[in-house]
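Here's structure.txt, which has compact mmCIF, C-alpha atoms:
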# COMPACT_ATOMS: atom_id res chain seq x y z
CA MET A 1 -7.80 -22.08 103.83
CA ALA A 2 -7.40 -21.27 100.13
CA GLU A 3 -6.87 -24.37 98.04
CA PRO A 4 -3.57 -24.21 96.10
CA GLY A 5 -3.02 -25.20 92.50
CA ASN A 6 -6.46 -24.42 91.07
CA GLY A 7 -6.40 -22.39 87.88
CA PRO A 8 -3.75 -20.35 86.06
CA LEU A 9 -4.00 -17.46 88.55
CA SER A 10 -3.09 -19.61 91.53
CA GLY A 11 -0.88 -17.51 93.81
CA VAL A 12 -2.35 -14.17 92.71
CA ARG A 13 -3.88 -12.24 95.61
CA VAL A 14 -6.89 -10.00 95.01
CA VAL A 15 -8.62 -7.59 97.37
CA GLU A 16 -12.21 -6.85 96.38
CA LEU A 17 -13.94 -3.89 98.02
CA ALA A 18 -17.51 -5.15 98.20
CA GLY A 19 -20.12 -3.80 95.82
CA ILE A 20 -22.80 -5.18 93.52
CA GLY A 21 -22.98 -6.03 89.83
CA PRO A 22 -19.94 -5.99 87.53
CA GLY A 23 -17.24 -5.62 90.22
CA PRO A 24 -18.15 -8.82 92.10
CA PHE A 25 -18.61 -10.68 88.81
CA ALA A 26 -15.12 -9.64 87.67
CA ALA A 27 -13.66 -10.74 91.00
CA MET A 28 -15.52 -14.06 90.68
CA LEU A 29 -13.89 -14.56 87.27
CA LEU A 30 -10.46 -14.01 88.82
CA ALA A 31 -11.36 -16.40 91.65
CA ASP A 32 -12.60 -19.03 89.19
CA LEU A 33 -9.21 -18.81 87.48
CA GLY A 34 -7.49 -19.62 90.76
CA ALA A 35 -6.78 -16.24 92.34
CA ASP A 36 -7.07 -15.92 96.12
CA VAL A 37 -9.82 -13.29 96.33
CA VAL A 38 -10.55 -11.65 99.67
CA ARG A 39 -13.79 -9.72 99.63
CA VAL A 40 -13.84 -6.80 102.05
CA ASP A 41 -17.50 -6.74 103.05
CA ARG A 42 -19.11 -3.78 104.72
CA PRO A 43 -21.26 -3.88 107.86
CA GLY A 44 -24.90 -4.08 106.79
CA GLY A 45 -24.18 -5.77 103.47
CA ALA A 46 -23.56 -4.53 99.94
CA GLY A 47 -27.22 -4.04 99.07
CA LEU A 48 -27.99 -6.88 96.64
CA GLY A 49 -30.91 -8.04 98.75
CA ILE A 50 -30.52 -11.82 98.43
CA ASP A 51 -29.27 -14.37 100.90
CA PRO A 52 -25.43 -14.27 100.62
CA ALA A 53 -25.40 -18.07 100.57
CA TYR A 54 -26.97 -17.92 97.08
CA ASP A 55 -24.86 -15.11 95.61
CA ILE A 56 -22.88 -17.13 93.09
CA THR A 57 -20.77 -14.11 92.14
CA ASN A 58 -19.06 -14.54 95.51
CA ARG A 59 -18.08 -18.18 94.98
CA ASN A 60 -14.43 -19.19 95.34
CA LYS A 61 -13.81 -16.11 97.53
CA ARG A 62 -13.22 -15.49 101.21
CA SER A 63 -14.61 -12.62 103.24
CA VAL A 64 -13.65 -10.23 106.01
CA LEU A 65 -16.02 -7.67 107.48
CA VAL A 66 -14.41 -4.20 107.62
CA ASP A 67 -15.90 -0.78 108.34
CA LEU A 68 -14.09 1.48 105.88
CA LYS A 69 -15.71 4.51 107.48
CA SER A 70 -13.53 4.02 110.54
CA PRO A 71 -9.75 4.66 110.76
CA ASP A 72 -9.19 1.14 112.11
CA GLY A 73 -11.09 -0.34 109.19
CA VAL A 74 -9.03 1.62 106.66
CA ALA A 75 -5.83 0.44 108.35
CA GLN A 76 -7.00 -3.17 108.15
CA ALA A 77 -7.87 -2.81 104.45
CA LEU A 78 -4.46 -1.26 103.69
CA GLU A 79 -2.79 -4.14 105.52
CA LEU A 80 -4.38 -6.45 102.95
CA VAL A 81 -3.47 -4.10 100.10
CA GLU A 82 0.21 -4.31 101.06
CA ARG A 83 0.07 -8.07 100.49
CA ALA A 84 -2.12 -8.05 97.36
CA ASP A 85 -1.39 -8.09 93.64
CA VAL A 86 -4.75 -6.64 92.58
CA LEU A 87 -7.49 -4.48 94.08
CA VAL A 88 -10.98 -4.23 92.59
CA GLU A 89 -13.44 -1.49 93.55
CA GLY A 90 -16.69 -0.24 92.04
CA TYR A 91 -17.45 2.98 93.91
CA ARG A 92 -18.48 6.26 92.33
CA PRO A 93 -15.49 8.44 91.39
CA GLY A 94 -13.86 9.97 94.47
CA VAL A 95 -15.46 7.70 97.05
CA ALA A 96 -12.45 5.40 97.51
CA GLU A 97 -10.21 8.45 97.86
CA ARG A 98 -12.44 9.94 100.56
CA LEU A 99 -12.46 6.63 102.43
CA GLY A 100 -8.65 6.51 102.36
CA VAL A 101 -8.32 3.52 100.01
CA GLY A 102 -7.94 5.31 96.68
CA PRO A 103 -5.17 4.66 94.17
CA GLU A 104 -2.74 7.16 95.69
CA GLN A 105 -3.04 5.73 99.18
CA CYS A 106 -2.89 2.10 98.00
CA LEU A 107 -0.03 2.48 95.50
CA ALA A 108 1.97 4.33 98.15
CA ARG A 109 1.73 1.19 100.30
CA ASN A 110 2.22 -1.23 97.38
CA PRO A 111 3.82 0.23 94.22
CA ARG A 112 3.24 -2.98 92.21
CA LEU A 113 -0.49 -3.07 92.93
CA VAL A 114 -2.91 -3.23 89.99
CA TYR A 115 -5.79 -0.99 91.04
CA GLY A 116 -8.92 -1.95 89.07
CA ARG A 117 -11.78 0.55 88.99
CA MET A 118 -15.24 -0.48 87.77
CA THR A 119 -17.75 2.26 86.97
CA GLY A 120 -20.54 2.87 84.51
CA TRP A 121 -19.60 6.30 83.18
CA GLY A 122 -15.86 6.25 83.91
CA GLN A 123 -13.68 8.33 86.22
CA GLU A 124 -14.23 11.60 84.33
CA GLY A 125 -16.69 13.20 81.93
CA PRO A 126 -19.97 15.12 82.39
CA LEU A 127 -21.84 12.07 83.72
CA ALA A 128 -19.06 10.63 85.88
CA ASP A 129 -20.60 11.67 89.19
CA THR A 130 -24.20 10.75 88.36
CA ALA A 131 -26.06 7.54 89.17
CA GLY A 132 -26.68 5.00 86.43
CA HIS A 133 -27.50 1.42 85.53
CA ASP A 134 -26.77 -0.98 82.69
CA ILE A 135 -29.70 0.15 80.56
CA GLY A 136 -28.49 3.76 80.51
CA TYR A 137 -24.88 2.85 79.77
CA ILE A 138 -25.79 0.71 76.75
CA ALA A 139 -28.35 3.28 75.63
CA ILE A 140 -25.87 6.10 74.99
CA THR A 141 -23.35 3.82 73.27
CA GLY A 142 -25.80 2.78 70.56
CA ALA A 143 -25.86 -0.85 71.69
CA LEU A 144 -29.40 -0.81 73.12
CA GLY A 145 -30.76 0.91 70.04
CA MET A 146 -29.62 -2.03 67.90
CA ILE A 147 -31.64 -4.64 69.78
CA GLY A 148 -35.34 -5.33 69.26
CA PRO A 149 -38.05 -5.19 66.60
CA PRO A 150 -38.22 -2.32 64.10
CA ASP A 151 -41.79 -1.44 65.09
CA GLY A 152 -41.35 -1.39 68.87
CA PRO A 153 -39.06 -0.16 71.63
CA PRO A 154 -35.58 -1.63 72.09
CA ALA A 155 -35.46 -5.01 73.84
CA VAL A 156 -33.69 -4.97 77.21
CA PRO A 157 -31.02 -7.71 77.30
CA ALA A 158 -31.07 -8.04 81.13
CA ASN A 159 -27.74 -6.59 82.32
CA LEU A 160 -25.56 -8.89 80.25
CA VAL A 161 -24.37 -6.46 77.55
CA GLY A 162 -23.34 -3.56 79.78
CA ASP A 163 -22.52 -4.72 83.30
CA TYR A 164 -20.91 -8.02 82.40
CA ALA A 165 -19.75 -7.92 78.75
CA GLY A 166 -18.83 -4.23 78.54
CA GLY A 167 -17.90 -3.96 82.22
CA SER A 168 -16.66 -7.04 84.05
CA LEU A 169 -14.91 -8.68 81.11
CA TYR A 170 -13.05 -5.51 80.17
CA LEU A 171 -12.00 -4.98 83.78
CA VAL A 172 -10.58 -8.52 83.90
CA ILE A 173 -8.75 -8.01 80.60
CA GLY A 174 -7.29 -4.76 81.89
CA VAL A 175 -6.30 -6.22 85.25
CA LEU A 176 -4.53 -9.19 83.67
CA ALA A 177 -2.68 -6.97 81.18
CA ALA A 178 -1.61 -4.58 83.95
CA LEU A 179 -0.58 -7.51 86.14
CA GLN A 180 1.64 -8.81 83.35
CA HIS A 181 3.28 -5.38 83.08
CA ALA A 182 3.74 -5.06 86.84
CA ARG A 183 5.57 -8.38 86.92
CA THR A 184 8.00 -7.59 84.09
CA GLU A 185 11.42 -6.07 84.72
CA GLY A 186 11.01 -2.36 85.33
CA GLY A 187 7.23 -2.74 85.51
CA LYS A 188 5.08 -1.16 88.19
CA GLY A 189 1.51 -1.02 89.36
CA GLN A 190 -1.10 1.19 87.77
CA VAL A 191 -4.78 2.12 87.71
CA VAL A 192 -7.18 0.34 85.33
CA ASP A 193 -10.19 2.54 84.56
CA ALA A 194 -12.85 0.12 83.26
CA ALA A 195 -15.97 2.10 82.30
CA ILE A 196 -19.02 0.20 81.08
CA VAL A 197 -19.65 2.84 78.40
CA ASP A 198 -16.12 2.33 77.03
CA GLY A 199 -16.33 -1.46 76.99
CA THR A 200 -19.81 -1.54 75.49
CA ALA A 201 -18.79 0.90 72.75
CA HIS A 202 -15.76 -1.31 72.06
CA LEU A 203 -18.07 -4.31 71.60
CA THR A 204 -19.71 -2.55 68.65
CA ALA A 205 -16.43 -2.21 66.70
CA MET A 206 -17.40 -4.58 63.88
CA ILE A 207 -20.81 -2.95 63.49
CA HIS A 208 -19.21 0.49 63.16
CA GLY A 209 -17.01 -0.88 60.41
CA MET A 210 -20.03 -2.29 58.59
CA LEU A 211 -21.87 1.01 59.09
CA ALA A 212 -18.99 2.96 57.54
CA ALA A 213 -18.84 0.55 54.62
CA GLY A 214 -22.56 0.81 53.95
CA GLY A 215 -23.24 -2.73 55.08
CA TRP A 216 -25.30 -1.80 58.13
CA GLN A 217 -28.34 0.45 58.44
CA ASP A 218 -28.52 2.60 61.55
CA ARG A 219 -31.92 1.27 62.60
CA ARG A 220 -33.29 -1.85 64.26
CA GLY A 221 -34.48 -4.95 62.49
CA ALA A 222 -33.01 -4.04 59.11
CA ASN A 223 -29.67 -5.82 59.13
CA LEU A 224 -28.03 -9.19 58.80
CA LEU A 225 -27.56 -9.86 62.53
CA ASP A 226 -30.40 -7.96 64.20
CA GLY A 227 -33.40 -9.93 62.96
CA GLY A 228 -33.70 -8.00 59.72
CA THR A 229 -33.22 -11.13 57.65
CA PRO A 230 -35.85 -13.91 57.78
CA PHE A 231 -33.15 -16.54 58.19
CA TYR A 232 -31.62 -15.01 61.34
CA GLY A 233 -34.18 -14.71 64.12
CA ALA A 234 -36.57 -16.55 66.42
CA TYR A 235 -39.86 -18.22 65.48
CA GLU A 236 -42.77 -19.41 67.61
CA THR A 237 -43.71 -23.09 67.65
CA ALA A 238 -47.09 -24.79 68.06
CA ASP A 239 -46.76 -25.03 71.84
CA GLY A 240 -45.71 -21.41 72.41
CA GLY A 241 -42.00 -22.19 72.47
CA HIS A 242 -39.43 -20.71 70.11
CA MET A 243 -36.69 -21.87 67.77
CA ALA A 244 -33.63 -19.73 67.01
CA VAL A 245 -32.54 -19.69 63.36
CA GLY A 246 -29.07 -18.59 62.24
CA ALA A 247 -28.83 -20.00 58.71
CA LEU A 248 -26.70 -17.19 57.28
CA GLU A 249 -24.45 -19.08 54.86
CA LYS A 250 -26.17 -20.43 51.75
CA ARG A 251 -25.20 -24.06 52.32
CA PHE A 252 -26.56 -23.93 55.87
CA TYR A 253 -29.66 -22.16 54.60
CA GLY A 254 -30.21 -24.94 52.08
CA GLU A 255 -30.12 -27.50 54.88
CA PHE A 256 -32.49 -25.32 56.90
CA ILE A 257 -35.26 -25.02 54.31
CA ARG A 258 -34.90 -28.71 53.41
CA LEU A 259 -35.42 -29.89 57.00
CA LEU A 260 -38.12 -27.28 57.58
CA GLY A 261 -39.91 -28.69 54.53
CA ILE A 262 -40.38 -25.47 52.55
CA GLU A 263 -37.99 -25.99 49.62
CA GLU A 264 -40.79 -25.87 47.05
CA GLU A 265 -42.71 -22.88 48.39
CA ALA A 266 -40.00 -20.61 49.80
CA PRO A 267 -39.12 -17.60 47.60
CA SER A 268 -35.45 -16.99 46.82
CA ARG A 269 -33.46 -15.63 49.76
CA ASP A 270 -31.60 -13.41 47.30
CA ASP A 271 -34.78 -11.50 46.47
CA LEU A 272 -34.88 -8.86 49.19
CA ALA A 273 -38.33 -7.75 48.06
CA ALA A 274 -39.63 -11.23 48.91
CA TRP A 275 -38.19 -11.36 52.42
CA GLY A 276 -41.58 -10.53 53.94
CA GLU A 277 -43.13 -13.47 52.15
CA LEU A 278 -40.22 -15.74 53.12
CA ARG A 279 -40.60 -14.77 56.77
CA THR A 280 -44.31 -15.58 56.62
CA VAL A 281 -43.66 -19.00 55.10
CA ILE A 282 -41.03 -19.86 57.71
CA ALA A 283 -43.23 -18.66 60.58
CA ALA A 284 -46.24 -20.63 59.39
CA ARG A 285 -44.22 -23.82 59.06
CA PHE A 286 -42.71 -23.53 62.56
CA LYS A 287 -46.24 -23.17 63.98
CA THR A 288 -47.14 -26.66 62.78
CA ARG A 289 -44.99 -28.51 65.36
CA THR A 290 -43.89 -28.14 68.96
CA ARG A 291 -40.48 -26.94 70.05
CA GLU A 292 -39.52 -30.48 71.07
CA GLU A 293 -40.53 -31.86 67.68
CA TRP A 294 -38.55 -29.23 65.77
CA THR A 295 -35.56 -29.81 68.04
CA ALA A 296 -35.60 -33.46 67.00
CA VAL A 297 -35.84 -32.49 63.32
CA PHE A 298 -32.79 -30.21 63.43
CA GLN A 299 -30.77 -32.30 65.90
CA GLU A 300 -27.08 -32.48 64.93
CA SER A 301 -27.72 -30.90 61.51
CA ASP A 302 -25.86 -27.99 59.91
CA ALA A 303 -29.03 -25.94 59.60
CA CYS A 304 -27.97 -23.70 62.51
CA VAL A 305 -31.26 -24.02 64.36
CA ALA A 306 -31.58 -24.39 68.15
CA PRO A 307 -34.39 -24.39 70.71
CA VAL A 308 -34.74 -21.28 72.85
CA LEU A 309 -34.37 -22.64 76.39
CA SER A 310 -35.11 -21.06 79.75
CA LEU A 311 -32.50 -20.67 82.48
CA ARG A 312 -33.83 -23.74 84.27
CA GLU A 313 -33.92 -25.81 81.08
CA ALA A 314 -30.44 -24.94 79.80
CA PRO A 315 -28.36 -27.16 82.15
CA ALA A 316 -30.17 -30.28 80.90
CA HIS A 317 -29.43 -29.67 77.21
CA PRO A 318 -27.49 -32.75 76.02
CA HIS A 319 -24.56 -30.77 74.63
CA LEU A 320 -24.15 -28.60 77.72
CA ALA A 321 -24.58 -31.62 79.99
CA ALA A 322 -21.90 -33.55 78.07
CA ARG A 323 -19.46 -30.64 78.37
CA GLY A 324 -20.24 -29.92 82.01
CA THR A 325 -21.10 -26.33 81.12
CA PHE A 326 -23.16 -26.17 84.30
CA VAL A 327 -22.18 -27.70 87.62
CA GLU A 328 -23.89 -28.23 90.94
CA HIS A 329 -22.05 -27.09 94.02
CA GLY A 330 -23.51 -26.74 97.49
CA GLY A 331 -26.97 -27.50 96.16
CA ILE A 332 -26.87 -24.65 93.59
CA THR A 333 -26.84 -25.31 89.85
CA GLN A 334 -24.56 -22.71 88.28
CA PRO A 335 -22.36 -22.04 85.24
CA ALA A 336 -18.97 -23.75 85.43
CA PRO A 337 -15.81 -21.61 85.28
CA ALA A 338 -14.88 -20.49 81.77
CA PRO A 339 -12.77 -20.58 79.68
CA ARG A 340 -11.08 -23.97 80.05
CA PHE A 341 -7.38 -24.70 80.44
CA SER A 342 -5.59 -27.91 79.51
CA HIS A 343 -3.01 -27.81 82.32
CA THR A 344 -4.46 -25.45 84.95
CA PRO A 345 -8.23 -25.96 84.99
CA GLY A 346 -10.40 -23.77 87.15
CA ALA A 347 -13.08 -25.19 89.42
CA VAL A 348 -15.83 -24.22 91.81
CA ARG A 349 -13.90 -24.80 95.02
CA ARG A 350 -15.88 -22.87 97.61
CA PRO A 351 -19.51 -21.82 98.03
CA PRO A 352 -20.41 -18.11 98.09
CA ALA A 353 -18.42 -16.32 100.78
CA LEU A 354 -20.48 -15.29 103.78
CA PRO A 355 -19.64 -11.80 105.08
CA GLY A 356 -16.85 -11.92 107.65
CA ALA A 357 -16.76 -15.72 107.85
CA ASP A 358 -13.08 -16.15 106.95
CA THR A 359 -11.32 -13.46 108.97
CA GLU A 360 -9.14 -15.69 111.11
CA GLU A 361 -8.16 -17.88 108.14
CA ILE A 362 -7.23 -14.86 105.99
CA ALA A 363 -5.25 -13.25 108.82
CA ARG A 364 -3.16 -16.40 109.01
CA ASP A 365 -2.76 -17.05 105.28
CA TRP A 366 -1.98 -13.44 104.35
CA GLN A 367 0.02 -12.82 107.54
CA ALA A 368 -2.19 -9.86 108.37
CA PRO A 369 -2.54 -9.90 112.15
CA GLY A 370 -4.38 -6.59 112.19
CA LEU A 371 -7.46 -8.40 110.92
CA LEU A 372 -7.72 -10.31 114.17
CA ALA A 373 -8.97 -7.15 115.83
CA LEU A 374 -12.15 -7.68 113.81
CA LEU A 375 -12.95 -10.88 115.66
CA PRO A 376 -15.30 -10.62 118.62
CA ALA A 377 -13.60 -10.96 121.94
CA ALA A 378 -13.70 -14.48 123.27
CA PRO A 379 -16.08 -14.81 126.19
CA ALA A 380 -14.40 -15.03 129.57
CA PRO A 381 -14.22 -18.59 130.88
CA PRO A 382 -16.81 -19.33 133.54
CA ALA A 383 -15.57 -18.90 137.10
CA ALA A 384 -14.73 -22.11 138.90
CA PRO A 385 -17.45 -23.03 141.38
CA ALA A 386 -16.58 -22.23 145.00
CA PRO A 387 -15.96 -25.25 147.25
CA PRO A 388 -18.91 -26.07 149.44
CA ALA A 389 -18.68 -24.22 152.75
CA GLY A 390 -18.22 -26.27 155.93
CA PRO A 391 -20.97 -26.29 158.54
CA SER A 392 -21.25 -23.16 160.68
CA ARG A 393 -20.47 -23.23 164.38
CA THR A 394 -24.16 -23.46 165.09
CA GLU A 395 -24.52 -26.28 162.58
CA GLN A 396 -21.54 -28.05 164.11
CA LYS A 397 -23.05 -27.73 167.50
CA ASP A 398 -26.42 -28.89 166.27
CA THR A 399 -24.86 -31.78 164.45
CA ALA A 400 -22.86 -32.80 167.47
CA GLY A 401 -25.65 -32.33 169.90
Can the structure in the file be given as structure tokens, please?
Amino acid sequence: MAEPGNGPLSGVRVVELAGIGPGPFAAMLLADLGADVVRVDRPGGAGLGIDPAYDITNRNKRSVLVDLKSPDGVAQALELVERADVLVEGYRPGVAERLGVGPEQCLARNPRLVYGRMTGWGQEGPLADTAGHDIGYIAITGALGMIGPPDGPPAVPANLVGDYAGGSLYLVIGVLAALQHARTEGGKGQVVDAAIVDGTAHLTAMIHGMLAAGGWQDRRGANLLDGGTPFYGAYETADGGHMAVGALEKRFYGEFIRLLGIEEEAPSRDDLAAWGELRTVIAARFKTRTREEWTAVFQESDACVAPVLSLREAPAHPHLAARGTFVEHGGITQPAPAPRFSHTPGAVRRPPALPGADTEEIARDWQAPGLLALLPAAPAPPAAPAPPAGPSRTEQKDTAG
């Protein structure tokens, strides 16, 4: 059963209609914070294509298997909705309504429900009904165009900027704000429309301010924070590794060039015309040692320099190891819940939910007996063996004779 008392959202019930990408990640965040998340999985799976036992975005959740294309399945989902505080879905606009689990149907059953909708384009607009992925969402918001070298195509930042930063995190913010409203006097449930294009655009707020003030050029690799400056970027080392440099402030920059050993030859950072030369000097110096050697040089300094680590290397970094930024649970190394709370810490309590594995437990905990119809019928007990028959008349006669 769900473990009580873990995280500040302990006691909050969430129904997640299974999908892939930002919706499951948002529901994982709520689960990490202590919410009791029930994932309504579909027959045949959600389409991610990996073994569900390794899908970390489904940790700390429980699962029921429901066919929302059948009337019985819709009734079972609505039974959960009646008992929930939050619902999360990531279908295309109109799909939930056609299935019978849209906002109108769900809020009619539970007026205090927070109905969280996760889409790329949003619920309306010319592109609302079209397919899309992270790269397209961040492309039209200007975010993708900011990332990468000035003399090449934009660099693709996996799906971190759109799906998770502009999508999942904004959905969670919206859900928590709406939940607070629903629980105040006179409050009620409502729909949270979290569109990745909206969230990603919102992430660029500071840049738009700098652009308006003339402090940002509308092109890649020409600005303070996009690699345009030689003291904010990544440099290759002798062994093919890289070091990340973020020595923006002058006092940190002074520490940087001192430890790098280029104080005498580096041109002034204030001479923009010499930035090309400065970049060349920095790059040449970094190529003289390995990543490990430079890491030791800059260790615990204020030069704002760090090694660029791979996903497999990151958990072993001394700082992250000391903080427990990564944990191992069920044989899987994974990021620990974040952020941290002094009185109600979150934790990885359960491994990734396997589709349909928790039906009986959820039916009991949520007092939703309709879910029990999802369980396969128990096999009939084997018939008791018949007592051995007595000898026939012939056998009796033969035995006697």
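Ranking A:Val327, A:Ala75, A:Val40, A:Ala178 by their shortest atom-to-atom distance to Pro355 in chain A, with only C-alpha atoms included, puts A:Val40 first.
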So, counting all atoms listed in the file, which residue among A:Pro150, A:Gly45, A:Gly166, A:Pro71 is closest to Gly221 in chain A?
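Between A:Pro150, A:Gly45, A:Gly166, A:Pro71, the residue approaching Gly221 in chain A most closely is A:Pro150.
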Using all atoms listed in the file, determine which residues lie at most 12 Å from Ala155 in chain A, disregarding the query and same-chain residues fewer than 4 positions distant; provide the list as a VMD selection string.
chain A and resid 135 138 to 139 143 to 151 159 161 220 to 221 226
Distance query His181 in chain A at most 12 Å, only C-alpha atoms, self and fewer than 3 positions along chain excluded, as a ChimeraX atom specification:
/A:85,112-114,174-178,184-191
Keeping only C-alpha atoms, write the selected residues as a CSV table (one decimal), in the frame of the given file.
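Listing of selection.csv after writing:
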chain,number,residue,atom,x,y,z
A,85,ASP,CA,-1.4,-8.1,93.6
A,112,ARG,CA,3.2,-3.0,92.2
A,113,LEU,CA,-0.5,-3.1,92.9
A,114,VAL,CA,-2.9,-3.2,90.0
A,174,GLY,CA,-7.3,-4.8,81.9
A,175,VAL,CA,-6.3,-6.2,85.2
A,176,LEU,CA,-4.5,-9.2,83.7
A,177,ALA,CA,-2.7,-7.0,81.2
A,178,ALA,CA,-1.6,-4.6,84.0
A,184,THR,CA,8.0,-7.6,84.1
A,185,GLU,CA,11.4,-6.1,84.7
A,186,GLY,CA,11.0,-2.4,85.3
A,187,GLY,CA,7.2,-2.7,85.5
A,188,LYS,CA,5.1,-1.2,88.2
A,189,GLY,CA,1.5,-1.0,89.4
A,190,GLN,CA,-1.1,1.2,87.8
A,191,VAL,CA,-4.8,2.1,87.7
Kindly give the distance, in Å, that separates CA of Gly370 in chain A and CA of Glu79 in chain A, rounded to a single decimal.
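Separating CA of Gly370 in chain A from CA of Glu79 in chain A is a distance of 7.3 Å.
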Could all heavy atoms be built for range 349-355 of chain A and written out as a tab-separated table (two decimals), in the coordinates of the input?
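Ended up saving to out_36.tsv:
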chain	number	residue	atom	x	y	z
A	349	ARG	N	-14.54	-24.20	93.85
A	349	ARG	CA	-13.90	-24.80	95.02
A	349	ARG	C	-14.62	-24.49	96.32
A	349	ARG	O	-14.58	-25.27	97.27
A	349	ARG	CB	-12.45	-24.29	95.13
A	349	ARG	CG	-11.64	-24.46	93.87
A	349	ARG	CD	-10.22	-23.93	94.03
A	349	ARG	NE	-10.17	-22.53	94.46
A	349	ARG	CZ	-10.29	-21.49	93.64
A	349	ARG	NH1	-10.50	-21.68	92.35
A	349	ARG	NH2	-10.22	-20.26	94.10
A	350	ARG	N	-15.25	-23.33	96.37
A	350	ARG	CA	-15.88	-22.87	97.61
A	350	ARG	C	-17.26	-22.32	97.30
A	350	ARG	O	-17.47	-21.73	96.24
A	350	ARG	CB	-15.04	-21.78	98.28
A	350	ARG	CG	-13.61	-22.16	98.61
A	350	ARG	CD	-12.83	-20.96	99.13
A	350	ARG	NE	-13.34	-20.50	100.42
A	350	ARG	CZ	-12.75	-20.74	101.60
A	350	ARG	NH1	-11.62	-21.44	101.64
A	350	ARG	NH2	-13.26	-20.29	102.71
A	351	PRO	N	-18.20	-22.44	98.22
A	351	PRO	CA	-19.51	-21.82	98.03
A	351	PRO	C	-19.39	-20.31	98.18
A	351	PRO	O	-18.32	-19.79	98.53
A	351	PRO	CB	-20.33	-22.44	99.17
A	351	PRO	CG	-19.32	-22.73	100.24
A	351	PRO	CD	-18.08	-23.15	99.51
A	352	PRO	N	-20.46	-19.56	97.92
A	352	PRO	CA	-20.41	-18.11	98.09
A	352	PRO	C	-19.91	-17.73	99.48
A	352	PRO	O	-20.34	-18.30	100.49
A	352	PRO	CB	-21.86	-17.69	97.88
A	352	PRO	CG	-22.42	-18.72	96.95
A	352	PRO	CD	-21.76	-20.00	97.36
A	353	ALA	N	-18.99	-16.76	99.50
A	353	ALA	CA	-18.42	-16.32	100.78
A	353	ALA	C	-19.47	-15.61	101.61
A	353	ALA	O	-20.19	-14.74	101.11
A	353	ALA	CB	-17.24	-15.38	100.52
A	354	LEU	N	-19.57	-15.96	102.87
A	354	LEU	CA	-20.48	-15.29	103.78
A	354	LEU	C	-19.73	-14.14	104.45
A	354	LEU	O	-18.56	-14.29	104.84
A	354	LEU	CB	-21.00	-16.26	104.83
A	354	LEU	CG	-21.74	-17.48	104.27
A	354	LEU	CD1	-22.25	-18.37	105.40
A	354	LEU	CD2	-22.90	-17.05	103.36
A	355	PRO	N	-20.35	-12.98	104.57
A	355	PRO	CA	-19.64	-11.80	105.08
A	355	PRO	C	-18.95	-12.05	106.42
A	355	PRO	O	-19.58	-12.46	107.39
A	355	PRO	CB	-20.76	-10.76	105.22
A	355	PRO	CG	-21.76	-11.16	104.19
A	355	PRO	CD	-21.73	-12.66	104.18
